[in-house]
>>> print(open('model13.pdb').read())   # PDB, N, CA and C atoms
MODEL        1
ATOM      1  N   MET A 195       7.052 -72.045 -42.168
ATOM      2  CA  MET A 195       7.784 -73.286 -41.961
ATOM      3  C   MET A 195       8.093 -73.477 -40.485
ATOM      4  N   PHE A 196       8.092 -74.721 -40.091
ATOM      5  CA  PHE A 196       8.462 -75.074 -38.735
ATOM      6  C   PHE A 196       9.896 -75.580 -38.722
ATOM      7  N   LYS A 197      10.525 -75.482 -37.572
ATOM      8  CA  LYS A 197      11.895 -75.963 -37.437
ATOM      9  C   LYS A 197      11.999 -77.427 -37.848
ATOM     10  N   SER A 198      10.980 -78.247 -37.479
ATOM     11  CA  SER A 198      11.020 -79.669 -37.804
ATOM     12  C   SER A 198      10.931 -79.917 -39.307
ATOM     13  N   ASP A 199      10.399 -78.943 -40.083
ATOM     14  CA  ASP A 199      10.333 -79.086 -41.524
ATOM     15  C   ASP A 199      11.700 -78.872 -42.175
ATOM     16  N   ILE A 200      12.573 -78.179 -41.490
ATOM     17  CA  ILE A 200      13.863 -77.823 -42.049
ATOM     18  C   ILE A 200      14.967 -78.779 -41.604
ATOM     19  N   MET A 201      14.957 -79.127 -40.343
ATOM     20  CA  MET A 201      16.053 -79.904 -39.781
ATOM     21  C   MET A 201      15.558 -81.256 -39.257
ATOM     22  N   PRO A 202      16.316 -82.330 -39.524
ATOM     23  CA  PRO A 202      15.950 -83.615 -38.919
ATOM     24  C   PRO A 202      16.235 -83.589 -37.424
ATOM     25  N   ARG A 203      15.547 -84.440 -36.695
ATOM     26  CA  ARG A 203      15.750 -84.532 -35.256
ATOM     27  C   ARG A 203      17.145 -85.048 -34.970
ATOM     28  N   GLN A 204      17.806 -84.448 -33.995
ATOM     29  CA  GLN A 204      19.148 -84.896 -33.608
ATOM     30  C   GLN A 204      19.058 -86.228 -32.889
ATOM     31  N   ALA A 205      20.092 -87.030 -33.048
ATOM     32  CA  ALA A 205      20.138 -88.326 -32.377
ATOM     33  C   ALA A 205      20.140 -88.121 -30.861
ATOM     34  N   ARG A 206      19.452 -89.019 -30.175
ATOM     35  CA  ARG A 206      19.383 -88.959 -28.712
ATOM     36  C   ARG A 206      20.763 -89.245 -28.126
ATOM     37  N   LYS A 207      21.166 -88.449 -27.169
ATOM     38  CA  LYS A 207      22.431 -88.680 -26.485
ATOM     39  C   LYS A 207      22.247 -89.823 -25.499
ATOM     40  N   GLN A 208      23.225 -90.717 -25.459
ATOM     41  CA  GLN A 208      23.175 -91.844 -24.538
ATOM     42  C   GLN A 208      23.450 -91.358 -23.124
ATOM     43  N   SER A 209      22.617 -91.767 -22.201
ATOM     44  CA  SER A 209      22.767 -91.383 -20.804
ATOM     45  C   SER A 209      23.742 -92.324 -20.114
ATOM     46  N   ALA A 210      24.679 -91.776 -19.370
ATOM     47  CA  ALA A 210      25.632 -92.606 -18.621
ATOM     48  C   ALA A 210      24.919 -93.440 -17.564
ATOM     49  N   SER A 211      23.835 -92.904 -17.020
ATOM     50  CA  SER A 211      23.083 -93.622 -15.984
ATOM     51  C   SER A 211      22.089 -94.616 -16.580
ATOM     52  N   GLY A 212      21.781 -94.463 -17.873
ATOM     53  CA  GLY A 212      20.787 -95.316 -18.512
ATOM     54  C   GLY A 212      19.357 -94.902 -18.202
ATOM     55  N   ILE A 213      19.171 -93.764 -17.531
ATOM     56  CA  ILE A 213      17.842 -93.285 -17.162
ATOM     57  C   ILE A 213      17.378 -92.244 -18.190
ATOM     58  N   TYR A 214      16.135 -92.436 -18.649
ATOM     59  CA  TYR A 214      15.576 -91.549 -19.665
ATOM     60  C   TYR A 214      14.155 -91.145 -19.304
ATOM     61  N   ARG A 215      13.791 -89.930 -19.666
ATOM     62  CA  ARG A 215      12.405 -89.475 -19.621
ATOM     63  C   ARG A 215      11.911 -89.566 -21.053
ATOM     64  N   ILE A 216      10.853 -90.327 -21.237
ATOM     65  CA  ILE A 216      10.319 -90.553 -22.569
ATOM     66  C   ILE A 216       8.921 -89.961 -22.642
ATOM     67  N   MET A 217       8.635 -89.310 -23.757
ATOM     68  CA  MET A 217       7.279 -88.841 -23.994
ATOM     69  C   MET A 217       6.813 -89.421 -25.320
ATOM     70  N   LEU A 218       5.681 -90.074 -25.281
ATOM     71  CA  LEU A 218       5.046 -90.609 -26.480
ATOM     72  C   LEU A 218       3.754 -89.835 -26.652
ATOM     73  N   ARG A 219       3.459 -89.407 -27.877
ATOM     74  CA  ARG A 219       2.225 -88.656 -28.057
ATOM     75  C   ARG A 219       1.607 -88.937 -29.411
ATOM     76  N   GLY A 220       0.299 -88.675 -29.477
ATOM     77  CA  GLY A 220      -0.426 -88.832 -30.726
ATOM     78  C   GLY A 220      -0.051 -87.731 -31.701
ATOM     79  N   ILE A 221      -0.107 -88.047 -32.966
ATOM     80  CA  ILE A 221       0.181 -87.070 -34.007
ATOM     81  C   ILE A 221      -0.881 -85.978 -33.959
ATOM     82  N   ASN A 222      -0.451 -84.726 -34.047
ATOM     83  CA  ASN A 222      -1.361 -83.574 -33.998
ATOM     84  C   ASN A 222      -2.240 -83.594 -32.749
ATOM     85  N   GLN A 223      -1.669 -84.018 -31.653
ATOM     86  CA  GLN A 223      -2.357 -84.089 -30.358
ATOM     87  C   GLN A 223      -3.570 -85.019 -30.394
ATOM     88  N   GLN A 224      -3.523 -86.014 -31.275
ATOM     89  CA  GLN A 224      -4.608 -86.994 -31.379
ATOM     90  C   GLN A 224      -4.733 -87.777 -30.076
ATOM     91  N   VAL A 225      -5.947 -88.040 -29.665
ATOM     92  CA  VAL A 225      -6.205 -88.844 -28.465
ATOM     93  C   VAL A 225      -5.730 -90.264 -28.729
ATOM     94  N   ILE A 226      -4.925 -90.805 -27.821
ATOM     95  CA  ILE A 226      -4.446 -92.182 -27.957
ATOM     96  C   ILE A 226      -5.103 -93.114 -26.946
ATOM     97  N   PHE A 227      -5.672 -92.559 -25.902
ATOM     98  CA  PHE A 227      -6.393 -93.349 -24.906
ATOM     99  C   PHE A 227      -7.823 -92.833 -24.837
ATOM    100  N   LYS A 228      -8.737 -93.568 -25.429
ATOM    101  CA  LYS A 228     -10.127 -93.131 -25.453
ATOM    102  C   LYS A 228     -10.897 -93.575 -24.219
ATOM    103  N   CYS A 229     -10.358 -94.573 -23.502
ATOM    104  CA  CYS A 229     -11.038 -95.072 -22.304
ATOM    105  C   CYS A 229     -10.003 -95.716 -21.385
ATOM    106  N   ASP A 230     -10.443 -96.083 -20.197
ATOM    107  CA  ASP A 230      -9.530 -96.703 -19.232
ATOM    108  C   ASP A 230      -8.990 -98.034 -19.743
ATOM    109  N   GLU A 231      -9.759 -98.747 -20.553
ATOM    110  CA  GLU A 231      -9.285-100.013 -21.133
ATOM    111  C   GLU A 231      -8.051 -99.796 -21.986
ATOM    112  N   ASP A 232      -8.024 -98.704 -22.743
ATOM    113  CA  ASP A 232      -6.862 -98.387 -23.577
ATOM    114  C   ASP A 232      -5.622 -98.175 -22.714
ATOM    115  N   LYS A 233      -5.782 -97.460 -21.614
ATOM    116  CA  LYS A 233      -4.662 -97.218 -20.698
ATOM    117  C   LYS A 233      -4.195 -98.522 -20.067
ATOM    118  N   GLU A 234      -5.132 -99.358 -19.686
ATOM    119  CA  GLU A 234      -4.790-100.646 -19.078
ATOM    120  C   GLU A 234      -4.038-101.530 -20.067
ATOM    121  N   LYS A 235      -4.473-101.555 -21.310
ATOM    122  CA  LYS A 235      -3.787-102.335 -22.352
ATOM    123  C   LYS A 235      -2.364-101.817 -22.550
ATOM    124  N   PHE A 236      -2.198-100.512 -22.565
ATOM    125  CA  PHE A 236      -0.866 -99.932 -22.710
ATOM    126  C   PHE A 236       0.031-100.363 -21.547
ATOM    127  N   LEU A 237      -0.485-100.280 -20.316
ATOM    128  CA  LEU A 237       0.307-100.661 -19.143
ATOM    129  C   LEU A 237       0.636-102.146 -19.158
ATOM    130  N   GLN A 238      -0.284-102.974 -19.603
ATOM    131  CA  GLN A 238      -0.008-104.411 -19.715
ATOM    132  C   GLN A 238       1.108-104.662 -20.729
ATOM    133  N   THR A 239       1.034-103.972 -21.866
ATOM    134  CA  THR A 239       2.066-104.115 -22.897
ATOM    135  C   THR A 239       3.413-103.616 -22.383
ATOM    136  N   LEU A 240       3.391-102.497 -21.691
ATOM    137  CA  LEU A 240       4.608-101.939 -21.103
ATOM    138  C   LEU A 240       5.256-102.939 -20.146
ATOM    139  N   ASN A 241       4.458-103.542 -19.279
ATOM    140  CA  ASN A 241       4.987-104.504 -18.313
ATOM    141  C   ASN A 241       5.443-105.797 -18.973
ATOM    142  N   HIS A 242       4.761-106.220 -20.021
ATOM    143  CA  HIS A 242       5.161-107.421 -20.750
ATOM    144  C   HIS A 242       6.563-107.256 -21.329
ATOM    145  N   TYR A 243       6.774-106.134 -22.015
ATOM    146  CA  TYR A 243       8.075-105.915 -22.637
ATOM    147  C   TYR A 243       9.145-105.502 -21.635
ATOM    148  N   LYS A 244       8.726-105.022 -20.493
ATOM    149  CA  LYS A 244       9.691-104.695 -19.435
ATOM    150  C   LYS A 244      10.461-105.951 -19.031
ATOM    151  N   ALA A 245       9.764-107.055 -18.894
ATOM    152  CA  ALA A 245      10.411-108.315 -18.524
ATOM    153  C   ALA A 245      11.349-108.811 -19.621
ATOM    154  N   ILE A 246      10.948-108.660 -20.862
ATOM    155  CA  ILE A 246      11.756-109.130 -21.992
ATOM    156  C   ILE A 246      12.992-108.256 -22.191
ATOM    157  N   SER A 247      12.805-106.951 -22.159
ATOM    158  CA  SER A 247      13.883-106.010 -22.477
ATOM    159  C   SER A 247      14.717-105.617 -21.271
ATOM    160  N   GLU A 248      14.280-106.007 -20.098
ATOM    161  CA  GLU A 248      15.009-105.741 -18.857
ATOM    162  C   GLU A 248      15.251-104.252 -18.630
ATOM    163  N   TYR A 249      14.195-103.471 -18.688
ATOM    164  CA  TYR A 249      14.287-102.074 -18.284
ATOM    165  C   TYR A 249      13.435-101.890 -17.036
ATOM    166  N   ARG A 250      13.735-100.848 -16.295
ATOM    167  CA  ARG A 250      12.988-100.563 -15.069
ATOM    168  C   ARG A 250      12.160 -99.310 -15.272
ATOM    169  N   ILE A 251      10.950 -99.341 -14.771
ATOM    170  CA  ILE A 251      10.055 -98.186 -14.860
ATOM    171  C   ILE A 251      10.011 -97.529 -13.493
ATOM    172  N   PHE A 252      10.454 -96.290 -13.427
ATOM    173  CA  PHE A 252      10.413 -95.542 -12.172
ATOM    174  C   PHE A 252       9.102 -94.786 -12.012
ATOM    175  N   ALA A 253       8.544 -94.308 -13.133
ATOM    176  CA  ALA A 253       7.297 -93.548 -13.064
ATOM    177  C   ALA A 253       6.639 -93.541 -14.432
ATOM    178  N   ASN A 254       5.312 -93.376 -14.417
ATOM    179  CA  ASN A 254       4.587 -93.176 -15.666
ATOM    180  C   ASN A 254       3.424 -92.245 -15.404
ATOM    181  N   CYS A 255       3.023 -91.551 -16.438
ATOM    182  CA  CYS A 255       1.869 -90.655 -16.369
ATOM    183  C   CYS A 255       1.162 -90.751 -17.719
ATOM    184  N   LEU A 256      -0.047 -91.298 -17.711
ATOM    185  CA  LEU A 256      -0.812 -91.474 -18.939
ATOM    186  C   LEU A 256      -1.886 -90.398 -19.030
ATOM    187  N   MET A 257      -1.825 -89.612 -20.088
ATOM    188  CA  MET A 257      -2.830 -88.593 -20.377
ATOM    189  C   MET A 257      -3.627 -89.075 -21.586
ATOM    190  N   SER A 258      -4.647 -88.370 -21.952
ATOM    191  CA  SER A 258      -5.465 -88.827 -23.084
ATOM    192  C   SER A 258      -4.695 -88.818 -24.408
ATOM    193  N   ASN A 259      -3.782 -87.866 -24.577
ATOM    194  CA  ASN A 259      -3.078 -87.756 -25.860
ATOM    195  C   ASN A 259      -1.560 -87.913 -25.771
ATOM    196  N   HIS A 260      -1.050 -88.233 -24.591
ATOM    197  CA  HIS A 260       0.384 -88.493 -24.487
ATOM    198  C   HIS A 260       0.722 -89.246 -23.205
ATOM    199  N   VAL A 261       1.960 -89.736 -23.172
ATOM    200  CA  VAL A 261       2.455 -90.544 -22.058
ATOM    201  C   VAL A 261       3.823 -90.028 -21.660
ATOM    202  N   HIS A 262       4.085 -89.978 -20.370
ATOM    203  CA  HIS A 262       5.423 -89.702 -19.851
ATOM    204  C   HIS A 262       5.911 -90.963 -19.142
ATOM    205  N   LEU A 263       7.151 -91.357 -19.420
ATOM    206  CA  LEU A 263       7.756 -92.502 -18.760
ATOM    207  C   LEU A 263       9.133 -92.098 -18.242
ATOM    208  N   LEU A 264       9.489 -92.608 -17.089
ATOM    209  CA  LEU A 264      10.847 -92.470 -16.569
ATOM    210  C   LEU A 264      11.369 -93.892 -16.418
ATOM    211  N   ILE A 265      12.318 -94.260 -17.279
ATOM    212  CA  ILE A 265      12.802 -95.633 -17.278
ATOM    213  C   ILE A 265      14.324 -95.682 -17.203
ATOM    214  N   LYS A 266      14.810 -96.842 -16.783
ATOM    215  CA  LYS A 266      16.239 -97.120 -16.805
ATOM    216  C   LYS A 266      16.456 -98.304 -17.730
ATOM    217  N   VAL A 267      17.255 -98.087 -18.759
ATOM    218  CA  VAL A 267      17.560 -99.126 -19.739
ATOM    219  C   VAL A 267      18.661-100.004 -19.157
ATOM    220  N   GLU A 268      18.398-101.303 -19.145
ATOM    221  CA  GLU A 268      19.378-102.246 -18.599
ATOM    222  C   GLU A 268      20.080-103.035 -19.705
ATOM    223  N   LYS A 269      19.298-103.575 -20.636
ATOM    224  CA  LYS A 269      19.839-104.522 -21.604
ATOM    225  C   LYS A 269      19.734-104.028 -23.040
ATOM    226  N   GLU A 270      18.551-103.608 -23.422
ATOM    227  CA  GLU A 270      18.268-103.294 -24.819
ATOM    228  C   GLU A 270      18.375-101.794 -25.080
ATOM    229  N   ASN A 271      18.757-101.440 -26.277
ATOM    230  CA  ASN A 271      18.870-100.044 -26.695
ATOM    231  C   ASN A 271      17.503 -99.362 -26.624
ATOM    232  N   LEU A 272      17.474 -98.144 -26.118
ATOM    233  CA  LEU A 272      16.222 -97.406 -25.949
ATOM    234  C   LEU A 272      15.465 -97.241 -27.263
ATOM    235  N   ASP A 273      16.153 -96.949 -28.338
ATOM    236  CA  ASP A 273      15.479 -96.760 -29.619
ATOM    237  C   ASP A 273      14.793 -98.045 -30.069
ATOM    238  N   LEU A 274      15.410 -99.189 -29.824
ATOM    239  CA  LEU A 274      14.786-100.458 -30.181
ATOM    240  C   LEU A 274      13.548-100.712 -29.338
ATOM    241  N   ILE A 275      13.616-100.381 -28.067
ATOM    242  CA  ILE A 275      12.467-100.563 -27.184
ATOM    243  C   ILE A 275      11.295 -99.740 -27.695
ATOM    244  N   LYS A 276      11.523 -98.476 -27.963
ATOM    245  CA  LYS A 276      10.446 -97.594 -28.416
ATOM    246  C   LYS A 276       9.905 -98.036 -29.769
ATOM    247  N   ARG A 277      10.791 -98.284 -30.697
ATOM    248  CA  ARG A 277      10.345 -98.599 -32.052
ATOM    249  C   ARG A 277       9.608 -99.936 -32.114
ATOM    250  N   ASP A 278      10.193-100.953 -31.559
ATOM    251  CA  ASP A 278       9.654-102.292 -31.740
ATOM    252  C   ASP A 278       8.483-102.624 -30.827
ATOM    253  N   LYS A 279       8.466-102.081 -29.644
ATOM    254  CA  LYS A 279       7.452-102.480 -28.680
ATOM    255  C   LYS A 279       6.270-101.534 -28.621
ATOM    256  N   TYR A 280       6.513-100.288 -28.314
ATOM    257  CA  TYR A 280       5.416 -99.351 -28.108
ATOM    258  C   TYR A 280       4.709 -99.003 -29.405
ATOM    259  N   LEU A 281       5.467 -98.903 -30.478
ATOM    260  CA  LEU A 281       4.835 -98.554 -31.739
ATOM    261  C   LEU A 281       3.930 -99.675 -32.226
ATOM    262  N   LYS A 282       4.258-100.913 -31.863
ATOM    263  CA  LYS A 282       3.393-102.045 -32.215
ATOM    264  C   LYS A 282       2.009-101.849 -31.599
ATOM    265  N   LEU A 283       1.968-101.432 -30.365
ATOM    266  CA  LEU A 283       0.688-101.205 -29.695
ATOM    267  C   LEU A 283      -0.085-100.081 -30.390
ATOM    268  N   CYS A 284       0.612 -99.025 -30.771
ATOM    269  CA  CYS A 284      -0.051 -97.911 -31.451
ATOM    270  C   CYS A 284      -0.608 -98.358 -32.793
ATOM    271  N   ARG A 285       0.132 -99.178 -33.513
ATOM    272  CA  ARG A 285      -0.347 -99.661 -34.810
ATOM    273  C   ARG A 285      -1.598-100.515 -34.632
ATOM    274  N   GLU A 286      -1.611-101.358 -33.582
ATOM    275  CA  GLU A 286      -2.770-102.210 -33.301
ATOM    276  C   GLU A 286      -4.017-101.363 -33.062
ATOM    277  N   LYS A 287      -3.849-100.202 -32.463
ATOM    278  CA  LYS A 287      -4.976 -99.328 -32.152
ATOM    279  C   LYS A 287      -5.293 -98.386 -33.309
ATOM    280  N   GLY A 288      -4.460 -98.394 -34.347
ATOM    281  CA  GLY A 288      -4.693 -97.505 -35.477
ATOM    282  C   GLY A 288      -4.347 -96.065 -35.182
ATOM    283  N   ILE A 289      -3.362 -95.864 -34.291
ATOM    284  CA  ILE A 289      -2.964 -94.517 -33.892
ATOM    285  C   ILE A 289      -1.864 -94.017 -34.804
TER     286      ILE A 289
ENDMDL
END
>>> encode(input="model13.pdb", output="structure tokens")
Amino acid sequence: MFKSDIMPRQARKQSASGIYRIMLRGINQQVIFKCDEDKEKFLQTLNHYKAISEYRIFANCLMSNHVHLLIKVEKENLDLIKRDKYLKLCREKGI
């Protein structure tokens, strides 16, 4: 058994600064970016929702099977940003 099989993930602690390091990854290390077009589409989607949700992106690093983001949340709750925006892109790609 794995720890994740026994215990649910703890709720994310709210940062006083609003700055978060986010990692998004494919299930079982599945490749999420098969080509540069996939990465470009992700960045376009990220920038589109950045304007709507009013968060700032300090850094990003896109790998074939995961993404690192350093963002500052200004207006919208981080969980809503991740769930509603980024997961939509993953669903579109069948990830």
>>> atom_distance(input="model13.pdb", atom1="atom CA of Lys244 of chain A", atom2="atom CA of Tyr214 of chain A")
14.4 Å
>>> resolve_selection(input="model13.pdb", expression="the PyMOL selection byres ((chain A and resi 217-231) around 8)", output="PyMOL selection string")
chain A and resi 214-216+232-237+256-264+289
>>> atom_distance(input="model13.pdb", atom1="atom CA of Ile213 of chain A", atom2="atom N of Cys255 of chain A")
14.9 Å
>>> atom_distance(input="model13.pdb", atom1="atom CA of Glu268 of chain A", atom2="atom C of Ile246 of chain A")
9.5 Å
>>> select_by_dssp(input="model13.pdb", residues="segment 227-275 of chain A", states="strand (DSSP E or B)", output="list of chain:residue names")
A:Tyr249, A:Arg250, A:Ile251, A:Phe252, A:Ala253, A:Asn254, A:Cys255, A:Leu256, A:His260, A:Val261, A:His262, A:Leu263, A:Leu264, A:Ile265, A:Lys266, A:Val267
>>> resolve_selection(input="model13.pdb", expression="the PyMOL selection byres ((chain A and resi 267) around 6)", output="number ranges by chain")
A: 212-214, 248-250, 265-266, 268-270
>>> axis_aligned_box(input="model13.pdb", around="segment 207-226 of chain A", padding_each_side="3 Å", output="JSON")
{"center_x": 9.7, "center_y": -89.4, "center_z": -25.0, "size_x": 37.8, "size_y": 17.7, "size_z": 24.1}
